[in-house]
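As provided, run.tsv (TSV, C-alpha atoms) reads as follows.
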chain	number	residue	atom	x	y	z
A	7	MET	CA	101.68	37.90	157.81
A	8	ASN	CA	104.91	39.85	157.41
A	9	THR	CA	106.13	41.60	154.26
A	10	LEU	CA	108.45	38.73	153.25
A	11	ALA	CA	105.67	36.11	153.29
A	12	PHE	CA	103.21	38.56	151.72
A	13	SER	CA	105.63	39.30	148.85
A	14	ALA	CA	106.34	35.60	148.24
A	15	ILE	CA	102.63	34.68	148.03
A	16	VAL	CA	101.82	37.68	145.81
A	17	ALA	CA	104.75	36.75	143.53
A	18	ALA	CA	103.59	33.12	143.24
A	19	ALA	CA	100.00	34.14	142.44
A	20	SER	CA	101.30	36.68	139.91
A	21	PHE	CA	103.42	33.98	138.26
A	22	CYS	CA	100.28	31.89	137.61
A	23	ALA	CA	98.43	34.96	136.32
A	24	GLY	CA	101.26	35.84	133.92
A	25	PHE	CA	101.59	32.24	132.73
A	26	LEU	CA	97.90	31.76	131.93
A	27	GLY	CA	97.59	35.32	130.67
A	28	SER	CA	100.29	34.98	128.03
A	29	LEU	CA	99.12	31.51	126.90
A	30	THR	CA	95.53	32.62	126.43
A	31	GLY	CA	96.32	36.06	125.04
A	32	LEU	CA	94.15	37.62	127.73
A	33	GLY	CA	97.04	39.06	129.72
A	34	GLY	CA	97.67	38.44	133.41
A	35	GLY	CA	96.30	41.87	134.27
A	36	VAL	CA	92.66	40.80	134.19
A	37	VAL	CA	93.14	38.74	137.35
A	38	ILE	CA	95.78	40.85	139.15
A	39	VAL	CA	93.40	43.60	140.34
A	40	PRO	CA	90.72	41.21	141.72
A	41	LEU	CA	93.46	39.08	143.27
A	42	LEU	CA	95.08	42.03	145.05
A	43	THR	CA	91.80	43.59	146.20
A	44	LEU	CA	89.71	40.52	147.07
A	45	VAL	CA	92.39	38.10	148.31
A	46	PHE	CA	95.12	40.41	149.61
A	47	GLY	CA	92.90	43.29	150.71
A	48	ALA	CA	94.74	46.05	148.84
A	49	ASP	CA	93.12	49.37	147.93
A	50	ILE	CA	91.89	49.22	144.33
A	51	ARG	CA	94.09	52.17	143.25
A	52	TYR	CA	97.28	50.43	144.49
A	53	ALA	CA	96.06	47.25	142.81
A	54	ILE	CA	95.48	49.04	139.49
A	55	GLY	CA	98.91	50.71	139.70
A	56	ALA	CA	100.71	47.40	140.35
A	57	SER	CA	98.67	45.66	137.65
A	58	LEU	CA	99.48	48.33	135.09
A	59	VAL	CA	103.27	48.05	135.42
A	60	SER	CA	103.04	44.25	135.43
A	61	ILE	CA	101.11	44.43	132.15
A	62	ILE	CA	104.01	46.21	130.47
A	63	ALA	CA	106.23	43.32	131.59
A	64	THR	CA	103.73	40.67	130.37
A	65	SER	CA	103.37	42.35	127.03
A	66	SER	CA	107.05	43.02	126.41
A	67	GLY	CA	108.21	39.67	127.82
A	68	ALA	CA	105.79	37.62	125.74
A	69	ALA	CA	106.00	39.96	122.75
A	70	ALA	CA	109.75	39.44	122.50
A	71	ALA	CA	109.14	35.70	121.99
A	72	TYR	CA	106.21	36.24	119.63
A	73	VAL	CA	108.07	38.76	117.45
A	74	LYS	CA	110.79	36.17	116.89
A	75	GLU	CA	108.19	33.61	115.80
A	76	GLY	CA	107.01	35.96	113.03
A	77	PHE	CA	103.34	36.27	114.06
A	78	THR	CA	103.40	39.95	115.01
A	79	ASN	CA	102.26	42.49	112.41
A	80	ILE	CA	104.20	45.55	113.52
A	81	ARG	CA	102.54	47.98	111.08
A	82	ILE	CA	99.06	47.07	112.28
A	83	GLY	CA	100.25	47.28	115.88
A	84	MET	CA	101.75	50.75	115.40
A	85	LEU	CA	98.73	52.11	113.54
A	86	LEU	CA	96.23	50.87	116.12
A	87	GLU	CA	98.41	52.14	118.98
A	88	ILE	CA	97.28	55.66	118.02
A	89	ALA	CA	93.76	54.61	119.01
A	90	THR	CA	94.75	52.70	122.17
A	91	THR	CA	97.09	55.41	123.57
A	92	ILE	CA	94.47	58.16	123.13
A	93	GLY	CA	91.94	55.87	124.82
A	94	ALA	CA	94.39	55.02	127.64
A	95	LEU	CA	94.96	58.72	128.42
A	96	VAL	CA	91.19	59.25	128.59
A	97	GLY	CA	90.73	56.18	130.81
A	98	ALA	CA	93.56	57.09	133.21
A	99	SER	CA	92.10	60.59	133.59
A	100	LEU	CA	88.68	59.13	134.43
A	101	VAL	CA	90.07	57.22	137.47
A	102	ALA	CA	90.28	60.45	139.46
A	103	VAL	CA	86.56	61.23	139.03
A	104	ILE	CA	84.96	57.74	139.18
A	105	PRO	CA	84.45	56.26	142.72
A	106	ALA	CA	86.31	53.02	143.61
A	107	ASN	CA	83.08	51.01	143.94
A	108	VAL	CA	81.90	51.99	140.47
A	109	ILE	CA	85.31	51.05	139.06
A	110	ALA	CA	84.97	47.63	140.75
A	111	VAL	CA	81.57	47.03	139.14
A	112	ILE	CA	82.79	48.12	135.68
A	113	PHE	CA	85.79	45.86	136.23
A	114	GLY	CA	83.56	42.87	136.99
A	115	LEU	CA	81.44	43.47	133.88
A	116	VAL	CA	84.54	43.74	131.67
A	117	LEU	CA	85.86	40.50	133.23
A	118	LEU	CA	82.61	38.71	132.39
A	119	GLN	CA	82.88	39.93	128.83
A	120	SER	CA	86.51	38.66	128.64
A	121	ALA	CA	85.49	35.26	129.96
A	122	TYR	CA	82.67	35.06	127.42
A	123	LEU	CA	85.06	35.92	124.59
A	124	ALA	CA	87.64	33.43	125.85
A	125	SER	CA	85.21	30.52	126.01
A	126	LYS	CA	83.52	31.20	122.68
A	127	HIS	CA	84.72	29.32	119.63
A	128	ARG	CA	86.27	31.84	117.25
A	129	PRO	CA	85.99	31.00	113.55
A	130	GLU	CA	89.23	31.54	111.62
A	131	HIS	CA	88.71	33.58	108.47
A	132	ALA	CA	90.52	32.56	105.30
A	133	THR	CA	91.18	35.93	103.68
A	134	ALA	CA	94.05	34.89	101.39
A	135	ASN	CA	91.86	34.75	98.27
A	136	LEU	CA	89.77	37.84	98.97
A	137	ALA	CA	90.43	41.03	97.03
A	138	PRO	CA	92.62	43.36	99.14
A	139	ASP	CA	90.81	46.05	101.11
A	140	PRO	CA	91.81	49.43	99.54
A	141	LEU	CA	92.56	51.19	102.87
A	142	ALA	CA	94.47	48.20	104.27
A	143	ALA	CA	96.45	47.96	101.04
A	144	ARG	CA	97.32	51.67	101.09
A	145	LEU	CA	98.50	51.32	104.70
A	146	LYS	CA	100.48	48.17	103.75
A	147	LEU	CA	98.78	46.08	106.44
A	148	ASP	CA	98.47	42.78	104.52
A	149	SER	CA	101.17	40.23	105.33
A	150	THR	CA	101.88	36.52	105.85
A	151	TYR	CA	102.29	34.35	108.93
A	152	PRO	CA	104.05	31.03	109.58
A	153	THR	CA	102.06	27.77	109.83
A	154	VAL	CA	103.08	24.10	109.63
A	155	GLU	CA	102.43	24.30	105.85
A	156	GLY	CA	104.69	27.36	105.49
A	157	GLU	CA	103.95	31.08	105.16
A	158	VAL	CA	100.23	31.78	104.64
A	159	PRO	CA	99.11	35.21	103.34
A	160	TYR	CA	96.22	37.14	104.89
A	161	HIS	CA	94.32	40.28	104.04
A	162	VAL	CA	93.16	42.82	106.61
A	163	ARG	CA	89.60	44.21	106.42
A	164	ARG	CA	87.48	46.93	108.07
A	165	VAL	CA	90.29	49.10	109.44
A	166	PRO	CA	88.06	51.97	110.75
A	167	GLY	CA	85.88	49.57	112.76
A	168	GLY	CA	88.97	47.94	114.28
A	169	PHE	CA	90.38	51.39	115.08
A	170	ALA	CA	87.21	52.44	116.95
A	171	LEU	CA	87.11	49.24	119.03
A	172	MET	CA	90.81	49.70	119.82
A	173	TRP	CA	90.06	53.16	121.25
A	174	LEU	CA	87.57	51.55	123.64
A	175	ALA	CA	90.20	48.92	124.55
A	176	GLY	CA	92.53	51.81	125.44
A	177	VAL	CA	89.93	53.51	127.67
A	178	LEU	CA	89.32	50.26	129.59
A	179	SER	CA	93.07	49.69	129.92
A	180	GLY	CA	93.65	53.13	131.42
A	181	LEU	CA	90.60	53.02	133.69
A	182	LEU	CA	91.00	49.48	135.04
A	183	GLY	CA	94.74	48.82	134.79
A	184	ILE	CA	94.22	45.85	132.50
A	185	GLY	CA	95.79	45.09	129.12
A	186	SER	CA	92.39	44.82	127.40
A	187	GLY	CA	93.81	41.88	125.45
A	188	ALA	CA	90.36	40.35	124.96
A	189	VAL	CA	88.96	43.48	123.29
A	190	LYS	CA	92.15	44.00	121.25
A	191	VAL	CA	92.11	40.42	119.95
A	192	LEU	CA	88.37	40.81	119.21
A	193	ALA	CA	89.03	43.96	117.17
A	194	MET	CA	91.65	42.18	115.10
A	195	ASP	CA	90.39	38.62	114.64
A	196	GLN	CA	86.64	39.32	114.42
A	197	VAL	CA	86.40	42.90	113.06
A	198	MET	CA	89.53	43.03	110.89
A	199	LEU	CA	89.40	39.27	110.11
A	200	MET	CA	93.05	38.60	110.96
A	201	PRO	CA	94.30	35.08	111.89
A	202	LEU	CA	93.93	34.38	115.64
A	203	LYS	CA	97.65	33.80	116.26
A	204	VAL	CA	98.55	37.05	114.47
A	205	SER	CA	95.85	38.89	116.45
A	206	THR	CA	97.05	37.44	119.76
A	207	ALA	CA	100.72	38.24	119.07
A	208	THR	CA	99.98	41.76	117.79
A	209	SER	CA	97.70	42.37	120.78
A	210	ASN	CA	100.51	41.39	123.18
A	211	PHE	CA	102.83	43.67	121.25
A	212	MET	CA	100.43	46.64	121.62
A	213	ILE	CA	99.48	46.13	125.26
A	214	GLY	CA	102.83	47.44	126.53
A	215	VAL	CA	102.51	50.73	124.67
A	216	THR	CA	98.88	51.16	125.74
A	217	ALA	CA	99.77	50.45	129.38
A	218	ALA	CA	102.81	52.78	129.22
A	219	ALA	CA	100.48	55.62	128.17
A	220	SER	CA	98.46	55.31	131.38
A	221	ALA	CA	101.37	54.17	133.60
A	222	GLY	CA	102.96	57.63	133.36
A	223	ILE	CA	99.81	59.22	134.77
A	224	TYR	CA	99.44	56.53	137.48
A	225	LEU	CA	103.05	56.93	138.58
A	226	ARG	CA	102.73	60.69	138.89
A	227	ARG	CA	99.54	60.34	140.95
A	228	GLY	CA	101.27	58.02	143.45
A	229	TYR	CA	99.16	54.94	142.60
A	230	VAL	CA	102.26	52.77	142.11
A	231	ALA	CA	103.39	51.36	145.50
A	232	PRO	CA	106.90	49.85	145.08
A	233	GLY	CA	106.49	47.16	147.76
A	234	LEU	CA	103.35	45.85	146.05
A	235	ALA	CA	104.35	46.40	142.41
A	236	MET	CA	107.70	44.59	142.89
A	237	PRO	CA	106.43	41.01	143.56
A	238	VAL	CA	103.57	41.47	141.08
A	239	MET	CA	105.83	42.65	138.25
A	240	LEU	CA	108.53	40.00	138.80
A	241	GLY	CA	106.00	37.18	139.17
A	242	VAL	CA	103.96	38.16	136.13
A	243	LEU	CA	107.08	38.62	133.98
A	244	ALA	CA	108.49	35.19	134.86
A	245	GLY	CA	105.11	33.55	134.24
A	246	ALA	CA	104.63	35.31	130.90
A	247	MET	CA	108.07	34.29	129.63
A	248	VAL	CA	107.52	30.63	130.54
A	249	GLY	CA	104.03	30.77	128.97
A	250	ALA	CA	105.27	32.24	125.69
A	251	ARG	CA	107.90	29.49	125.41
A	252	LEU	CA	105.34	26.72	125.89
A	253	LEU	CA	102.69	28.16	123.52
A	254	PHE	CA	103.00	25.36	120.95
A	255	ARG	CA	103.04	22.54	123.47
A	256	MET	CA	100.03	23.47	125.57
A	257	PRO	CA	96.32	22.64	125.16
A	258	VAL	CA	95.48	26.33	124.69
A	259	ARG	CA	91.74	25.84	124.22
A	260	GLN	CA	91.35	23.93	127.52
A	261	LEU	CA	93.46	26.51	129.31
A	262	ARG	CA	91.29	29.30	127.90
A	263	LEU	CA	88.24	27.55	129.41
A	264	LEU	CA	89.96	27.09	132.77
A	265	PHE	CA	91.09	30.72	132.83
A	266	ALA	CA	87.62	31.86	131.78
A	267	GLY	CA	86.17	29.98	134.77
A	268	VAL	CA	88.56	31.73	137.17
A	269	ILE	CA	87.67	35.08	135.61
A	270	VAL	CA	83.90	34.51	136.03
A	271	ILE	CA	84.30	33.81	139.75
A	272	LEU	CA	86.48	36.89	140.25
A	273	ALA	CA	84.07	39.02	138.19
A	274	ILE	CA	81.06	38.09	140.33
A	275	GLU	CA	83.08	38.81	143.49
A	276	MET	CA	84.15	42.22	142.16
A	277	ILE	CA	80.57	43.20	141.26
A	278	TYR	CA	79.24	41.96	144.61
A	279	HIS	CA	81.85	43.78	146.69
A	280	GLY	CA	81.49	46.89	144.53
A	281	ILE	CA	77.72	47.06	145.04
A	282	ALA	CA	78.05	46.21	148.73
A	283	GLY	CA	80.52	49.10	149.04
A	284	GLU	CA	83.27	46.96	150.52
A	285	LEU	CA	86.12	48.01	148.26
B	26	MET	CA	97.45	30.02	93.71
B	27	THR	CA	98.21	33.70	93.47
B	28	ALA	CA	101.57	34.92	94.68
B	29	PRO	CA	101.29	36.34	98.20
B	30	ASP	CA	101.00	40.10	98.14
B	31	ARG	CA	104.07	40.83	100.24
B	32	ALA	CA	103.46	44.37	101.33
B	33	MET	CA	106.31	44.32	103.85
B	34	PRO	CA	109.74	44.98	102.36
B	35	GLU	CA	112.58	42.48	102.62
B	36	SER	CA	114.12	44.63	105.31
B	37	ASP	CA	111.26	43.68	107.62
B	38	PRO	CA	112.92	40.74	109.43
B	39	ARG	CA	115.55	43.22	110.51
B	40	LEU	CA	112.85	45.48	111.94
B	41	GLN	CA	111.29	42.56	113.81
B	42	HIS	CA	114.67	41.40	115.06
B	43	ALA	CA	115.67	44.85	116.32
B	44	VAL	CA	112.34	45.41	118.06
B	45	GLY	CA	112.33	41.95	119.66
B	46	LYS	CA	115.86	42.42	120.96
B	47	LEU	CA	115.08	45.84	122.40
B	48	LEU	CA	111.99	44.57	124.22
B	49	ARG	CA	113.88	41.69	125.77
B	50	PHE	CA	116.82	43.83	126.86
B	51	GLY	CA	114.65	46.61	128.32
B	52	VAL	CA	112.44	44.24	130.29
B	53	LEU	CA	115.33	42.18	131.64
B	54	LEU	CA	117.23	45.32	132.66
B	55	ALA	CA	114.12	46.69	134.40
B	56	ALA	CA	113.48	43.35	136.11
B	57	ALA	CA	117.09	43.17	137.32
B	58	VAL	CA	116.84	46.66	138.88
B	59	VAL	CA	113.47	45.83	140.48
B	60	LEU	CA	114.88	42.53	141.78
B	61	VAL	CA	117.95	44.18	143.35
B	62	GLY	CA	115.76	46.90	144.90
B	63	GLY	CA	113.28	44.23	146.00
B	64	ILE	CA	115.88	42.10	147.75
B	65	ALA	CA	117.24	45.15	149.59
B	66	TYR	CA	113.67	46.19	150.44
B	67	LEU	CA	112.78	42.76	151.85
B	68	ALA	CA	116.08	42.59	153.78
B	69	ARG	CA	115.12	45.83	155.48
B	70	TYR	CA	111.32	45.69	155.77
B	71	GLY	CA	110.70	41.91	155.43
B	72	ALA	CA	109.61	41.48	159.05
B	73	ALA	CA	107.25	44.48	159.03
B	74	VAL	CA	103.50	44.04	158.46
B	75	PRO	CA	102.42	45.21	154.98
B	76	ASP	CA	99.44	47.56	154.74
B	77	TYR	CA	97.90	48.43	151.41
B	78	ARG	CA	94.32	48.58	152.70
B	79	VAL	CA	94.16	52.33	153.00
B	80	PHE	CA	95.14	54.46	150.06
B	81	ARG	CA	97.57	57.23	150.98
B	82	GLY	CA	99.37	57.79	147.69
B	83	GLN	CA	103.11	57.56	147.37
B	84	PRO	CA	105.33	60.42	148.63
B	85	ASP	CA	106.72	62.82	146.03
B	86	ASN	CA	110.17	61.18	145.96
B	87	LEU	CA	108.51	57.95	144.73
B	88	ARG	CA	106.18	59.47	142.13
B	89	SER	CA	107.93	62.23	140.17
B	90	LEU	CA	110.58	61.26	137.65
B	91	ALA	CA	113.21	63.51	139.27
B	92	GLY	CA	112.30	62.30	142.78
B	93	ILE	CA	112.58	58.64	141.78
B	94	VAL	CA	115.99	59.11	140.17
B	95	ARG	CA	117.21	61.06	143.23
B	96	SER	CA	116.07	58.48	145.77
B	97	ALA	CA	117.37	55.57	143.65
B	98	PHE	CA	120.82	57.11	143.50
B	99	ALA	CA	120.62	57.77	147.25
B	100	LEU	CA	120.14	53.94	147.41
B	101	ASP	CA	116.67	54.16	148.93
B	102	GLU	CA	115.31	50.59	148.43
B	103	ARG	CA	111.88	51.72	147.27
B	104	GLY	CA	113.45	54.33	145.01
B	105	VAL	CA	115.49	51.60	143.28
B	106	ILE	CA	112.30	49.56	142.70
B	107	GLN	CA	110.54	52.63	141.25
B	108	LEU	CA	113.54	53.30	138.98
B	109	GLY	CA	113.23	49.75	137.63
B	110	LEU	CA	109.53	50.35	137.02
B	111	VAL	CA	110.31	53.60	135.18
B	112	LEU	CA	112.78	51.65	132.99
B	113	LEU	CA	109.98	49.18	132.31
B	114	VAL	CA	107.63	52.01	131.25
B	115	ALA	CA	110.43	53.42	129.08
B	116	THR	CA	110.87	50.14	127.18
B	117	PRO	CA	107.76	50.38	124.98
B	118	ILE	CA	108.45	54.10	124.51
B	119	ALA	CA	111.96	53.35	123.21
B	120	ARG	CA	110.44	50.60	121.09
B	121	VAL	CA	108.16	53.08	119.34
B	122	ALA	CA	111.11	55.45	118.79
B	123	ILE	CA	113.27	52.69	117.23
B	124	ALA	CA	110.45	51.52	115.00
B	125	GLY	CA	110.09	55.15	113.87
B	126	PHE	CA	113.80	55.25	112.92
B	127	VAL	CA	113.52	52.00	110.96
B	128	PHE	CA	110.48	53.34	109.09
B	129	ALA	CA	112.46	56.53	108.34
B	130	PHE	CA	115.31	54.40	107.00
B	131	GLU	CA	112.82	52.64	104.72
B	132	ARG	CA	111.46	56.06	103.62
B	133	ASP	CA	108.01	55.02	104.77
B	134	ARG	CA	106.65	58.49	105.52
B	135	THR	CA	103.20	57.33	106.65
B	136	TYR	CA	104.59	55.10	109.40
B	137	VAL	CA	107.18	57.67	110.50
B	138	LEU	CA	104.22	59.96	111.20
B	139	VAL	CA	102.34	57.15	112.95
B	140	ALA	CA	105.36	56.44	115.20
B	141	LEU	CA	105.88	60.15	115.98
B	142	LEU	CA	102.23	60.59	116.95
B	143	VAL	CA	102.30	57.59	119.32
B	144	LEU	CA	105.61	58.79	120.77
B	145	ALA	CA	104.21	62.28	121.42
B	146	LEU	CA	101.19	60.82	123.24
B	147	LEU	CA	103.43	58.62	125.43
B	148	LEU	CA	105.81	61.43	126.38
B	149	TRP	CA	102.89	63.75	127.10
B	150	SER	CA	101.57	61.18	129.57
B	151	LEU	CA	104.90	60.72	131.33
B	152	ILE	CA	105.80	64.41	131.55
B	153	GLY	CA	102.31	65.86	131.68
Before anything else, please render the file you have as structure tokens.
Amino acid sequence: MNTLAFSAIVAAASFCAGFLGSLTGLGGGVVIVPLLTLVFGADIRYAIGASLVSIIATSSGAAAAYVKEGFTNIRIGMLLEIATTIGALVGASLVAVIPANVIAVIFGLVLLQSAYLASKHRPEHATANLAPDPLAARLKLDSTYPTVEGEVPYHVRRVPGGFALMWLAGVLSGLLGIGSGAVKVLAMDQVMLMPLKVSTATSNFMIGVTAAASAGIYLRRGYVAPGLAMPVMLGVLAGAMVGARLLFRMPVRQLRLLFAGVIVILAIEMIYHGIAGEL
Amino acid sequence: MTAPDRAMPESDPRLQHAVGKLLRFGVLLAAAVVLVGGIAYLARYGAAVPDYRVFRGQPDNLRSLAGIVRSAFALDERGVIQLGLVLLVATPIARVAIAGFVFAFERDRTYVLVALLVLALLLWSLIG
């Protein structure tokens, strides 16, 4: 296979990853690294570098559409970015000392966790009539979001717990070159009890900043190969933009299940090849 | 029903609008540069066999900020792609800076500090 055919196939696969990633709020990044290593035989460090820059595109491309819809809570995003950027710097620094096979196994385990979170039914919490949380109120985190019945208010809870989980999301993002969307959404919709759509949109909004924190380090270490990053970034970006536009018209729950199935298969492959020492 | 506790000021749609616009512009600009570099790259190396199996690391002119800018302006195809990727990395950084300005305009001291802290972390990563 020559470079032209290779680039076209990688771009097409990246398009699908970006499309499903932005619809499900999981980010295309979770499948980019397994795809590049297992299917296209790339070294895991090149794969992580390409994945990381594509994540910034997914996040910013989809976030631009979400911000216009009014779901994103920018204050919450900014506040929690302190936690995710510190975590991302820690994670990106760990890549130099952790062997590739160990990274592959950790990657597989994180993928399994993402798939589990994606397939699980998440209860929505009605927080409109709860008393405001004092810390959330002082940080002006409470807001409203648009629904078919108009603007619905929500209150944010348990900010320190959400902050801690966000730090972990940052470490995983920097170490594995993923957006950690699953952990970010978990921190917001299950720990801080925010509405799922607000959590998903704010997560997308934050992923770009988190990824940018580790991308600087990756770029300087030479982990970003232009010939590989180019089709990945363009494909993921196009897929994410189409996905964000179709969010209201798609059966998101079914797609989450489908995507979760793909992730499980890739996760098992990553763990197997990591233990077998083939990566 | 109690009135919604609108913690965000009325100026907030403007903040959201500005941030959304910036994200879109930055990403599209970056994508355009990567696309131009990519087309030139494929025109030149399209028939070669790609090899990403063995990790070698990129040469200095494709990994340092100064090296990337130099090779992009020398019209090296891979340098142009890297420049587009640097623009992509710069988009969320600029986004944090703009949000910081808007918070300053609203005299929201807490969130100016939040934005400055995130900005410092991002620049530290890029410059080392």
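For the set B:Ile118, B:Leu147, B:Ile106, B:Leu138, the residue with the smallest atom-to-atom gap to B:Ile64 is B:Ile106, counting all atoms listed in the file.
Going from atom CA of B:Leu53 to atom CA of A:Met212 covers 18.5 Å.
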Identify which of the residues A:Val177, A:Lys126, A:Val45, A:Ala11 lies closest to A:Gln260, counting all atoms listed in the file when measuring atom-to-atom distances. A:Lys126
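Counting from atom CA of A:Gly27, the distance to atom CA of A:Gly249 is 8.1 Å.
Using only C-alpha atoms, we find that the part of chain B lying within 6 Å of chain A comprises Pro29, Arg31, Ala32, Gly45, Leu48, Arg49, Gly71, Ala72, Ala73, Val74, Pro75, Tyr77, Arg78, Val79, Phe80, Gly82, Gln83, Arg88, Ser89, Arg103, Ile106, Gln107, Val114, Pro117, Val143, Leu147, Ser150 and Leu151 of chain B.
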Quick one: everything within 10 Å of A:Leu181, counting only C-alpha atoms, minus sequence neighbours fewer than 6 positions away in the same chain. Send it as a VMD selection string. chain A and resid 54 93 to 102 104 109 112 to 113 220
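Closest approach to A:Leu178 among A:Ser120, A:Leu199, A:Ile281, A:Thr208: A:Ser120, based on all atoms listed in the file.
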